[in-house]
Amino acid sequence: MTEPNSALFTAKEAASDQEVRWCPGCGDYSILKQMQSVIPGLGIKREDIVFISGIGCSSRFPYYMNTYGMHSIHGRAPAVASGLKMANPNLSVWVITGDGDGLSIGGNHLIHLLRRNVDLNVLLFNNEIYGLTKGQYSPTSEMGKRTKSSPMGSLDHPFNPLALALGADATFVARTIDRDPVHLRGVLETSNLHKGTSFIEIYQNCNVFNDGAFLSYSDKKQKGQHIILLEEGQPLVFDAGKKGIRLNGLKPEIVDLEEGFSANDLWIHDSRDATKAYILSRFFDDNFPRPFGVFYQEDRPCYEEQLIAQINHAKEIQGETDLDDLLRGKRSWTVD
Amino acid sequence: MNTQSLSKVTIHFAGDSGDGIQLAGSQFTNTTALAGNDLSTFPDFPAEIRAPIGTVAGVSGFQINFGSEKIHTPGGRPDVLVAMNAAAFKKNFPNLKSGGIIVLDSAGFDKKNLRLAAYDESSTPIEDIPKDYQVYAVDITKLNREALKDLSLGSRDKDRSRNMFALGFIYFLYSRSLQTTISFLEAKFKSKPEVLEANLRALNAGYNYGDTIEAISRFKVAPAQMEKGEYRNITGNQATALGLIAAAAKSGLELFYGSYPITPASDILHELAAHKNRGVKTFQAEDEIAAVTSAIGASFGGALAVTGTSGPGMALKTEGIGLAFMLEIPMVIVNVQRGGPSTGLPTKTEQSDLLQALYGRNGEAPIPVIAANSPADCFSAAFEAARIALEHMTPVILLTDGYIANSSEPWKFPQASSLAPINPPIVKADAQYLPYKRDEREVRSWAIPGTPGLEHRLGGLEKELETGNVSYEADNHQAMVKVRDRKVRLIAKGYPAQKLIQGPPSGPLLVLGWGNTLGAIQVAVEHALEQGLAVAQLHLKYINPLPEDLGTILSAYERVLIPELNNGQLARVIRDQYLVDVEVLDKIKGQPFLAEEILEKIKSLVEND
Ligand SMILES: Cc1ncc(C[n+]2csc(CCOP(=O)(O)OP(=O)(O)O)c2C)c(N)n1
Ligand code: SF4
Ligand SMILES: [Mg+2]
């Protein structure tokens, strides 16, 4: 590996020769562009990079990256990527999934991937809708959402993807958004440094079937009050520094920094604190601003490393049985 | 005391699932193998792990057929029944050959055991055995406790060695040495001297009991005329695992096995997990879908990727197998068939997933299918499945089943150097790599991530010929469907010529089989030939694509009989492919064929003519 940040290839070389076929204005374009600009600088050779996706608009992503890639089947990318990483731990493997792909049909694989902590980066493109199948509600759609399959409003209580990931003992959990390229690039770079499964939820606008779902987090006029950017070691402030969050015991409270409270009273972001990360993940309704950034990270041995360690250990204590000995087994006899 | 020579004996050990029947059976097997007999075994497990003690549902059985002649099956009706309780007797007595030998623990026939076995409490099954049977009603429990009386073990622990008492007695009856079992016990209970002592004493007590009651006649079964060479005993699942390991070694690839536990396939996972020292990577996935798709990922990454399961798991893997087919990546899918449909009969055997293997996918997705026909044959079938997968860049389905998976037989194992190398079409460099460009066999090449300059994308969407880019073009789709089909059909060019197992090259009847029916058909056709009936036998290993010379062979016979453990699945395929009529002998009882059942059918077909 070469030194990180010395680009090994150009952003142009990161793009494949295939015509990109998302709807004009789709948030997927921005995510693709940021990925193509970040990935050459990660210090990983192009031939060692693999994108694995499931099925959905978002899952077309690997076709557009000039790396190795596989567009697999609906929901199964985490399992495909796990097998790939076990076969060759040297690869840098990125899983591209959607809210339907990763949380509905593939929900089982996702939680098992997270607990196993295979060293993969999972990008969940959350547009709160089924894009590719033309607009049915998804597991992240809000209750009461009217779509073609829910004309009277959806009855499903939505998943909170980050709380779910933390519940599955994920070792890296972050959120970012298509409309903030700088933030998006930063999260991609940080996630790449994490050893273990990195789970990144990316709010992505589907301008055809769910336009504006995240407008309050991207619109210049509104976002100040509605988002909070998490920065390591920094107090939780939002609304242009006018408001902050403090912890009263385990209860988060919004405080007014212009009226009696100072930065010293505030909750300092510590991404190594699981309890705080969980509380942050519950900032999921309109009472609190929506956090963006790295919620949680933890060092835990990753799956494929332990697998290799077991293999090495077995070789050490048992020796590598030669094939003839293996076929002969422990009890053979000769007929002459 | 006289000793009688026999050429062939079938013994059925039966008892409660906690009675150590499988252990006694496998010990008798090892001793018998070392004594030079040919043999075949078949365990019959109860469906529940802990079925109520003493009930018929809880009976565990182990049958061994051994002889000084060639043995093809675990035997039909046993000559000898060892029954550790009333339930074991009740379940198996009806099967025993008339006039056979019965060894039973009379303590297992008290009122409680009779009730549990659903006998009338006042009934006397032992006394009711017809006089022509030779009965050894021994109070094994009491004699065994007596032999262990000065050991400090509790009586429950003492009773656990009753199986060794019974085994010792059978060793006496069949003039066997105790040495193999003594060495086994010494190794197994090295750290538990009291338990070891109890087992050794029980074994000897059983043997000596035979010696003291005198009246009995003993038997001798001389060594068989086996082909010269080195042998070991092996079960089908072990052989499958070893075949895969050997294929990995011969192709220079790492073996990856993704699986989710399911009866009767789990033992392949267990066996492979024990070979980490050979670099085998096993992955117990969260379900069968993850098992097959993790194997797809591993295959993409350059491993010999395998996934194994049984019927219901096969159903879950369907979409993944279709993806592997579409990607044209190598993979072996092992289906250890069991009784279906749905959860069906998990511990029983059947051959009813053949049509699923051949046709159970959406779209035009032909996949090579290979069937193993005996425990030891699982080795070569698994090796061959891996060879075809790797050299032809395709998923391959290997069909075995619960019967051969758990049965065992002596295996004249090959020298590693005699196994042909496997050559997957891996590319290392190519100035203009086209992932779906094909060679004369229509096989594409394999570029593995990590190889510079060959970066490419694969997917389940239809691809453009050669480039592999997504294509929805009408003519391209038709061409791709045809080329993938042709690629699979061309695999048959590499098959050896089909050889009759026995019988005349043409005539009134050919018995055609596949999978586990080989042994039973072989015995039946042997008898038919001895009786002057002109019957021939052919057995299929390759079921898709079918051998190119099969049609000619079939047409040389007036009739074709296919015995199968299903409702006539291969028969449908043969009718469809060759427009010949086929007689079906179906058996769908969770049990393998008895040779006599097939012989009877043969006679009814040939003698009526
Ligand atoms: C087994 C299977 N079931 C259903 C589908 C149809 N399907 C394709 S994508 C999709 C939902 C995709 O939603 P999401 O993951 O949110 O991706 P998006 O299109 O929104 O990016 C569905 C239901 C499929 N391809 N395969
Ligand atoms: S349907 Fe929505 S998510 Fe899909 S490409 Fe169009 S805008 Fe993007
Ligand atoms: Mg979506």
# chains A, B, ... in the order shown; residues from 1 in each chain; ligands from 1
$ residues_near_ligand --ligand "ligand 2" --cutoff "10 Å" --atoms "only C-alpha atoms and all ligand atoms" --output "short mmCIF file (atom, residue, chain, number, x, y, z; two decimals) with N, CA and C atoms, in the first residue's frame"
data_model
loop_
_atom_site.label_atom_id
_atom_site.label_comp_id
_atom_site.auth_asym_id
_atom_site.auth_seq_id
_atom_site.Cartn_x
_atom_site.Cartn_y
_atom_site.Cartn_z
N VAL A 20 -24.33 6.57 -17.48
CA VAL A 20 -25.06 6.54 -16.21
C VAL A 20 -26.55 6.75 -16.50
N ARG A 21 -27.38 5.88 -15.94
CA ARG A 21 -28.79 5.86 -16.35
C ARG A 21 -29.79 6.23 -15.26
N TRP A 22 -29.36 6.97 -14.26
CA TRP A 22 -30.36 7.39 -13.26
C TRP A 22 -31.18 8.56 -13.82
N CYS A 23 -32.33 8.82 -13.21
CA CYS A 23 -33.15 9.95 -13.66
C CYS A 23 -32.35 11.23 -13.47
N PRO A 24 -32.51 12.18 -14.39
CA PRO A 24 -31.82 13.45 -14.21
C PRO A 24 -32.24 14.06 -12.86
N GLY A 25 -31.27 14.53 -12.12
CA GLY A 25 -31.58 15.17 -10.84
C GLY A 25 -31.56 14.22 -9.66
N CYS A 26 -31.37 12.94 -9.91
CA CYS A 26 -31.37 11.94 -8.82
C CYS A 26 -30.16 12.16 -7.90
N GLY A 27 -30.37 11.98 -6.61
CA GLY A 27 -29.29 12.15 -5.65
C GLY A 27 -28.15 11.15 -5.83
N ASP A 28 -28.41 10.07 -6.52
CA ASP A 28 -27.37 9.07 -6.74
C ASP A 28 -26.17 9.64 -7.49
N TYR A 29 -26.44 10.60 -8.39
CA TYR A 29 -25.34 11.18 -9.16
C TYR A 29 -24.29 11.82 -8.26
N GLY A 56 -31.78 -2.39 -7.11
CA GLY A 56 -32.46 -1.13 -6.84
C GLY A 56 -31.80 -0.09 -7.72
N CYS A 57 -32.35 1.13 -7.76
CA CYS A 57 -31.69 2.19 -8.54
C CYS A 57 -30.26 2.34 -8.03
N SER A 58 -30.13 2.48 -6.72
CA SER A 58 -28.83 2.69 -6.11
C SER A 58 -27.85 1.57 -6.44
N SER A 59 -28.37 0.37 -6.59
CA SER A 59 -27.49 -0.79 -6.80
C SER A 59 -26.89 -0.86 -8.20
N ARG A 60 -27.27 0.08 -9.08
CA ARG A 60 -26.59 0.15 -10.39
C ARG A 60 -25.18 0.71 -10.25
N GLY A 98 -29.80 -0.20 -0.86
CA GLY A 98 -30.85 0.80 -0.68
C GLY A 98 -31.66 0.51 0.56
N PHE A 125 -28.12 3.74 0.64
CA PHE A 125 -28.74 4.91 0.01
C PHE A 125 -30.19 4.93 0.44
N ASN A 126 -30.50 5.83 1.37
CA ASN A 126 -31.86 5.86 1.90
C ASN A 126 -32.65 6.99 1.24
N ASN A 127 -33.58 6.59 0.37
CA ASN A 127 -34.47 7.60 -0.23
C ASN A 127 -35.90 7.43 0.27
N GLU A 128 -36.05 6.59 1.28
CA GLU A 128 -37.36 6.35 1.91
C GLU A 128 -38.42 5.95 0.90
N ILE A 129 -38.00 5.22 -0.13
CA ILE A 129 -38.95 4.78 -1.16
C ILE A 129 -38.32 3.65 -1.97
N TYR A 130 -39.15 2.86 -2.62
CA TYR A 130 -38.66 1.90 -3.61
C TYR A 130 -38.59 2.63 -4.94
N GLY A 131 -37.39 2.98 -5.35
CA GLY A 131 -37.24 3.73 -6.59
C GLY A 131 -37.44 2.86 -7.82
N LEU A 132 -36.66 1.81 -7.91
CA LEU A 132 -36.63 1.01 -9.14
C LEU A 132 -37.99 0.41 -9.50
N THR A 133 -38.78 0.05 -8.48
CA THR A 133 -40.09 -0.54 -8.78
C THR A 133 -41.18 0.53 -8.85
N LYS A 134 -40.75 1.77 -8.93
CA LYS A 134 -41.61 2.91 -9.24
C LYS A 134 -42.52 3.36 -8.12
N GLY A 135 -41.92 3.46 -6.93
CA GLY A 135 -42.57 4.27 -5.93
C GLY A 135 -43.46 3.65 -4.89
N GLN A 204 -30.69 10.24 0.46
CA GLN A 204 -30.58 10.43 -0.99
C GLN A 204 -31.93 10.80 -1.54
N ASN A 205 -31.97 11.89 -2.26
CA ASN A 205 -33.25 12.35 -2.79
C ASN A 205 -33.63 11.57 -4.04
N CYS A 206 -34.85 11.02 -4.01
CA CYS A 206 -35.43 10.43 -5.22
C CYS A 206 -36.39 11.48 -5.74
N ASN A 207 -35.92 12.24 -6.73
CA ASN A 207 -36.73 13.38 -7.16
C ASN A 207 -37.95 12.96 -7.97
N VAL A 208 -38.04 11.68 -8.32
CA VAL A 208 -39.21 11.24 -9.09
C VAL A 208 -40.33 10.71 -8.17
N PHE A 209 -39.95 9.89 -7.18
CA PHE A 209 -41.02 9.27 -6.38
C PHE A 209 -41.10 9.77 -4.94
N ASN A 210 -40.11 10.52 -4.51
CA ASN A 210 -40.17 10.97 -3.11
C ASN A 210 -39.42 12.29 -2.97
N ASP A 211 -39.69 13.20 -3.87
CA ASP A 211 -38.90 14.42 -3.93
C ASP A 211 -39.04 15.22 -2.64
#
$ interface_residues --of "chain B" --to "chain A" --cutoff "8 Å" --atoms "only C-alpha atoms" --output "ChimeraX atom specification"
/B:34,36,226-233,242,246,249,254,256,276-281,286,289-291,293-303,319-320,323,413-416,449-460
$ select_by_dssp --residues "segment 168-202 of chain A" --states "strand (DSSP E or B)" --output "PyMOL selection string"
chain A and resi 172-177+198-202
$ closest_residue --among "A:Ser281, A:Leu124, A:Ala14, A:Ser198" --to "ligand 1" --atoms "only C-alpha atoms and all ligand atoms"
A:Leu124
$ residues_around --residues "Ser149 of chain A" --least-positions-apart "2" --cutoff "8 Å" --atoms "only C-alpha atoms" --output "PyMOL selection string"
chain A and resi 136-137+146-147+151
$ write_last_selection --atoms "all heavy atoms" --output "CSV table (one decimal), in the first residue's frame"
chain,number,residue,atom,x,y,z
A,136,GLN,N,-43.2,2.4,-4.4
A,136,GLN,CA,-43.9,1.9,-3.3
A,136,GLN,C,-43.2,2.4,-2.0
A,136,GLN,O,-42.0,2.7,-2.0
A,136,GLN,CB,-44.0,0.4,-3.3
A,136,GLN,CG,-44.6,-0.2,-4.5
A,136,GLN,CD,-43.7,-0.4,-5.7
A,136,GLN,OE1,-42.5,0.0,-5.6
A,136,GLN,NE2,-44.2,-0.8,-6.8
A,137,TYR,N,-44.0,2.4,-0.9
A,137,TYR,CA,-43.3,2.8,0.4
A,137,TYR,C,-42.3,1.7,0.8
A,137,TYR,O,-42.4,0.6,0.4
A,137,TYR,CB,-44.4,2.9,1.5
A,137,TYR,CG,-45.1,1.7,1.9
A,137,TYR,CD1,-44.7,0.9,2.9
A,137,TYR,CD2,-46.2,1.3,1.1
A,137,TYR,CE1,-45.4,-0.3,3.2
A,137,TYR,CE2,-46.9,0.1,1.4
A,137,TYR,CZ,-46.5,-0.7,2.5
A,137,TYR,OH,-47.2,-1.8,2.8
A,146,ARG,N,-48.6,8.0,1.6
A,146,ARG,CA,-49.4,7.6,0.5
A,146,ARG,C,-48.6,7.3,-0.7
A,146,ARG,O,-47.8,8.1,-1.2
A,146,ARG,CB,-50.4,8.6,0.2
A,146,ARG,CG,-51.5,8.7,1.2
A,146,ARG,CD,-52.5,9.9,0.9
A,146,ARG,NE,-53.3,10.2,2.1
A,146,ARG,CZ,-54.4,9.6,2.3
A,146,ARG,NH1,-55.0,8.7,1.5
A,146,ARG,NH2,-55.1,9.9,3.4
A,147,THR,N,-48.6,6.0,-1.2
A,147,THR,CA,-47.9,5.7,-2.4
A,147,THR,C,-48.9,4.8,-3.2
A,147,THR,O,-50.0,4.5,-2.7
A,147,THR,CB,-46.7,4.8,-2.1
A,147,THR,OG1,-47.0,3.6,-1.6
A,147,THR,CG2,-45.7,5.5,-1.1
A,151,PRO,N,-52.5,3.5,-0.9
A,151,PRO,CA,-53.3,4.7,-1.2
A,151,PRO,C,-54.0,5.4,0.0
A,151,PRO,O,-54.3,6.5,0.0
A,151,PRO,CB,-54.4,4.1,-2.2
A,151,PRO,CG,-54.3,2.6,-2.0
A,151,PRO,CD,-53.0,2.3,-1.5
$ residues_around --residues "His194 of chain A" --least-positions-apart "6" --cutoff "9 Å" --atoms "only C-alpha atoms" --output "ChimeraX atom specification"
/A:119,121,171-172,297-299
$ residues_around --residues "segment 232-239 of chain A" --least-positions-apart "5" --cutoff "6 Å" --atoms "only C-alpha atoms" --output "NGL selection string"
:A and (224-225 or 244-245 or 266-270)
$ residues_around --residues "Ala248 of chain B" --least-positions-apart "3" --cutoff "10 Å" --atoms "only C-alpha atoms" --output "PyMOL selection string"
chain B and resi 242-245+251-256+280+303-305+383+386-387+390+421-422
$ write_last_selection --atoms "N, CA, C and O atoms" --output "PDB file, in the first residue's frame"
ATOM      1  N   LEU B 242     -13.928 -34.765   1.433  1.00  0.00           N
ATOM      2  CA  LEU B 242     -12.567 -35.045   0.956  1.00  0.00           C
ATOM      3  C   LEU B 242     -12.442 -34.805  -0.544  1.00  0.00           C
ATOM      4  O   LEU B 242     -11.406 -34.318  -1.025  1.00  0.00           O
ATOM      5  N   GLY B 243     -13.490 -35.111  -1.288  1.00  0.00           N
ATOM      6  CA  GLY B 243     -13.464 -34.863  -2.730  1.00  0.00           C
ATOM      7  C   GLY B 243     -13.292 -33.379  -3.019  1.00  0.00           C
ATOM      8  O   GLY B 243     -12.557 -32.983  -3.938  1.00  0.00           O
ATOM      9  N   LEU B 244     -13.943 -32.551  -2.227  1.00  0.00           N
ATOM     10  CA  LEU B 244     -13.839 -31.105  -2.422  1.00  0.00           C
ATOM     11  C   LEU B 244     -12.439 -30.606  -2.050  1.00  0.00           C
ATOM     12  O   LEU B 244     -11.854 -29.767  -2.746  1.00  0.00           O
ATOM     13  N   ILE B 245     -11.911 -31.134  -0.945  1.00  0.00           N
ATOM     14  CA  ILE B 245     -10.561 -30.731  -0.533  1.00  0.00           C
ATOM     15  C   ILE B 245      -9.548 -31.141  -1.602  1.00  0.00           C
ATOM     16  O   ILE B 245      -8.652 -30.372  -1.974  1.00  0.00           O
ATOM     17  N   SER B 251      -6.567 -27.973  -8.076  1.00  0.00           N
ATOM     18  CA  SER B 251      -6.770 -26.791  -8.915  1.00  0.00           C
ATOM     19  C   SER B 251      -5.927 -25.634  -8.402  1.00  0.00           C
ATOM     20  O   SER B 251      -5.927 -24.545  -8.983  1.00  0.00           O
ATOM     21  N   GLY B 252      -5.247 -25.852  -7.290  1.00  0.00           N
ATOM     22  CA  GLY B 252      -4.422 -24.787  -6.732  1.00  0.00           C
ATOM     23  C   GLY B 252      -5.234 -23.652  -6.134  1.00  0.00           C
ATOM     24  O   GLY B 252      -4.752 -22.535  -5.988  1.00  0.00           O
ATOM     25  N   LEU B 253      -6.491 -23.924  -5.775  1.00  0.00           N
ATOM     26  CA  LEU B 253      -7.331 -22.875  -5.206  1.00  0.00           C
ATOM     27  C   LEU B 253      -7.613 -23.167  -3.740  1.00  0.00           C
ATOM     28  O   LEU B 253      -7.451 -24.288  -3.278  1.00  0.00           O
ATOM     29  N   GLU B 254      -8.058 -22.132  -3.048  1.00  0.00           N
ATOM     30  CA  GLU B 254      -8.515 -22.348  -1.680  1.00  0.00           C
ATOM     31  C   GLU B 254      -9.950 -22.839  -1.723  1.00  0.00           C
ATOM     32  O   GLU B 254     -10.721 -22.448  -2.605  1.00  0.00           O
ATOM     33  N   LEU B 255     -10.327 -23.657  -0.731  1.00  0.00           N
ATOM     34  CA  LEU B 255     -11.704 -24.139  -0.657  1.00  0.00           C
ATOM     35  C   LEU B 255     -12.498 -23.254   0.294  1.00  0.00           C
ATOM     36  O   LEU B 255     -12.087 -23.007   1.420  1.00  0.00           O
ATOM     37  N   PHE B 256     -13.642 -22.759  -0.192  1.00  0.00           N
ATOM     38  CA  PHE B 256     -14.579 -22.004   0.644  1.00  0.00           C
ATOM     39  C   PHE B 256     -15.887 -22.774   0.684  1.00  0.00           C
ATOM     40  O   PHE B 256     -16.429 -23.151  -0.347  1.00  0.00           O
ATOM     41  N   VAL B 280      -8.818 -24.673   4.626  1.00  0.00           N
ATOM     42  CA  VAL B 280     -10.238 -24.692   4.253  1.00  0.00           C
ATOM     43  C   VAL B 280     -10.980 -23.609   5.035  1.00  0.00           C
ATOM     44  O   VAL B 280     -10.853 -23.520   6.258  1.00  0.00           O
ATOM     45  N   ALA B 303     -11.892 -18.368  -5.191  1.00  0.00           N
ATOM     46  CA  ALA B 303     -11.841 -19.627  -4.432  1.00  0.00           C
ATOM     47  C   ALA B 303     -12.597 -20.727  -5.174  1.00  0.00           C
ATOM     48  O   ALA B 303     -13.404 -20.447  -6.055  1.00  0.00           O
ATOM     49  N   LEU B 304     -12.332 -21.983  -4.798  1.00  0.00           N
ATOM     50  CA  LEU B 304     -13.244 -23.061  -5.173  1.00  0.00           C
ATOM     51  C   LEU B 304     -14.386 -22.949  -4.176  1.00  0.00           C
ATOM     52  O   LEU B 304     -14.243 -23.283  -3.003  1.00  0.00           O
ATOM     53  N   ALA B 305     -15.518 -22.415  -4.646  1.00  0.00           N
ATOM     54  CA  ALA B 305     -16.608 -22.085  -3.737  1.00  0.00           C
ATOM     55  C   ALA B 305     -17.678 -23.154  -3.787  1.00  0.00           C
ATOM     56  O   ALA B 305     -18.096 -23.592  -4.852  1.00  0.00           O
ATOM     57  N   PHE B 383     -15.388 -34.515  -6.615  1.00  0.00           N
ATOM     58  CA  PHE B 383     -14.205 -34.074  -7.356  1.00  0.00           C
ATOM     59  C   PHE B 383     -14.602 -33.716  -8.790  1.00  0.00           C
ATOM     60  O   PHE B 383     -14.209 -32.672  -9.321  1.00  0.00           O
ATOM     61  N   ALA B 386     -16.573 -30.464  -9.001  1.00  0.00           N
ATOM     62  CA  ALA B 386     -15.686 -29.306  -8.890  1.00  0.00           C
ATOM     63  C   ALA B 386     -14.894 -29.111 -10.184  1.00  0.00           C
ATOM     64  O   ALA B 386     -14.691 -27.979 -10.642  1.00  0.00           O
ATOM     65  N   ARG B 387     -14.472 -30.216 -10.785  1.00  0.00           N
ATOM     66  CA  ARG B 387     -13.712 -30.093 -12.034  1.00  0.00           C
ATOM     67  C   ARG B 387     -14.562 -29.430 -13.121  1.00  0.00           C
ATOM     68  O   ARG B 387     -14.130 -28.489 -13.785  1.00  0.00           O
ATOM     69  N   LEU B 390     -15.128 -25.688 -12.355  1.00  0.00           N
ATOM     70  CA  LEU B 390     -13.957 -24.827 -12.540  1.00  0.00           C
ATOM     71  C   LEU B 390     -13.520 -24.757 -14.007  1.00  0.00           C
ATOM     72  O   LEU B 390     -13.150 -23.700 -14.496  1.00  0.00           O
ATOM     73  N   PRO B 421      -4.975 -33.105 -12.581  1.00  0.00           N
ATOM     74  CA  PRO B 421      -5.042 -31.700 -12.229  1.00  0.00           C
ATOM     75  C   PRO B 421      -6.295 -31.041 -12.829  1.00  0.00           C
ATOM     76  O   PRO B 421      -6.785 -31.484 -13.869  1.00  0.00           O
ATOM     77  N   ILE B 422      -6.791 -30.012 -12.161  1.00  0.00           N
ATOM     78  CA  ILE B 422      -7.955 -29.266 -12.643  1.00  0.00           C
ATOM     79  C   ILE B 422      -7.458 -27.899 -13.118  1.00  0.00           C
ATOM     80  O   ILE B 422      -6.694 -27.243 -12.406  1.00  0.00           O
TER      81      ILE B 422
END
$ atom_distance --atom1 "atom CA of His539 of chain B" --atom2 "atom CA of Ala241 of chain B"
23.1 Å
$ residues_around --residues "Gln22 of chain B" --least-positions-apart "6" --cutoff "8 Å" --atoms "only C-alpha atoms" --output "list in words"
Pro43, Ser60, Gly61 and Phe62 of chain B
$ write_last_selection --atoms "all heavy atoms" --output "JSON list (two decimals), in the first residue's frame"
[["chain", "number", "residue", "atom", "x", "y", "z"],
["B", 43, "PRO", "N", -27.07, -46.41, 8.94],
["B", 43, "PRO", "CA", -27.67, -46.03, 10.22],
["B", 43, "PRO", "C", -29.10, -45.53, 10.00],
["B", 43, "PRO", "O", -29.39, -44.94, 8.98],
["B", 43, "PRO", "CB", -26.77, -44.88, 10.69],
["B", 43, "PRO", "CG", -26.21, -44.29, 9.44],
["B", 43, "PRO", "CD", -26.23, -45.35, 8.37],
["B", 60, "SER", "N", -33.12, -46.19, 17.67],
["B", 60, "SER", "CA", -32.03, -45.88, 16.77],
["B", 60, "SER", "C", -31.49, -47.21, 16.25],
["B", 60, "SER", "O", -31.39, -48.17, 17.00],
["B", 60, "SER", "CB", -30.98, -45.13, 17.59],
["B", 60, "SER", "OG", -29.75, -45.05, 16.92],
["B", 61, "GLY", "N", -31.18, -47.25, 14.96],
["B", 61, "GLY", "CA", -30.74, -48.52, 14.39],
["B", 61, "GLY", "C", -29.46, -48.38, 13.59],
["B", 61, "GLY", "O", -29.11, -47.29, 13.14],
["B", 62, "PHE", "N", -28.74, -49.47, 13.46],
["B", 62, "PHE", "CA", -27.53, -49.48, 12.65],
["B", 62, "PHE", "C", -27.42, -50.86, 12.02],
["B", 62, "PHE", "O", -27.35, -51.86, 12.71],
["B", 62, "PHE", "CB", -26.30, -49.21, 13.53],
["B", 62, "PHE", "CG", -25.01, -49.08, 12.75],
["B", 62, "PHE", "CD1", -24.49, -47.83, 12.44],
["B", 62, "PHE", "CD2", -24.31, -50.22, 12.33],
["B", 62, "PHE", "CE1", -23.30, -47.71, 11.73],
["B", 62, "PHE", "CE2", -23.13, -50.09, 11.60],
["B", 62, "PHE", "CZ", -22.62, -48.84, 11.31]]
$ atom_distance --atom1 "atom CA of Gly258 of chain B" --atom2 "atom CA of Ala273 of chain B"
10.7 Å
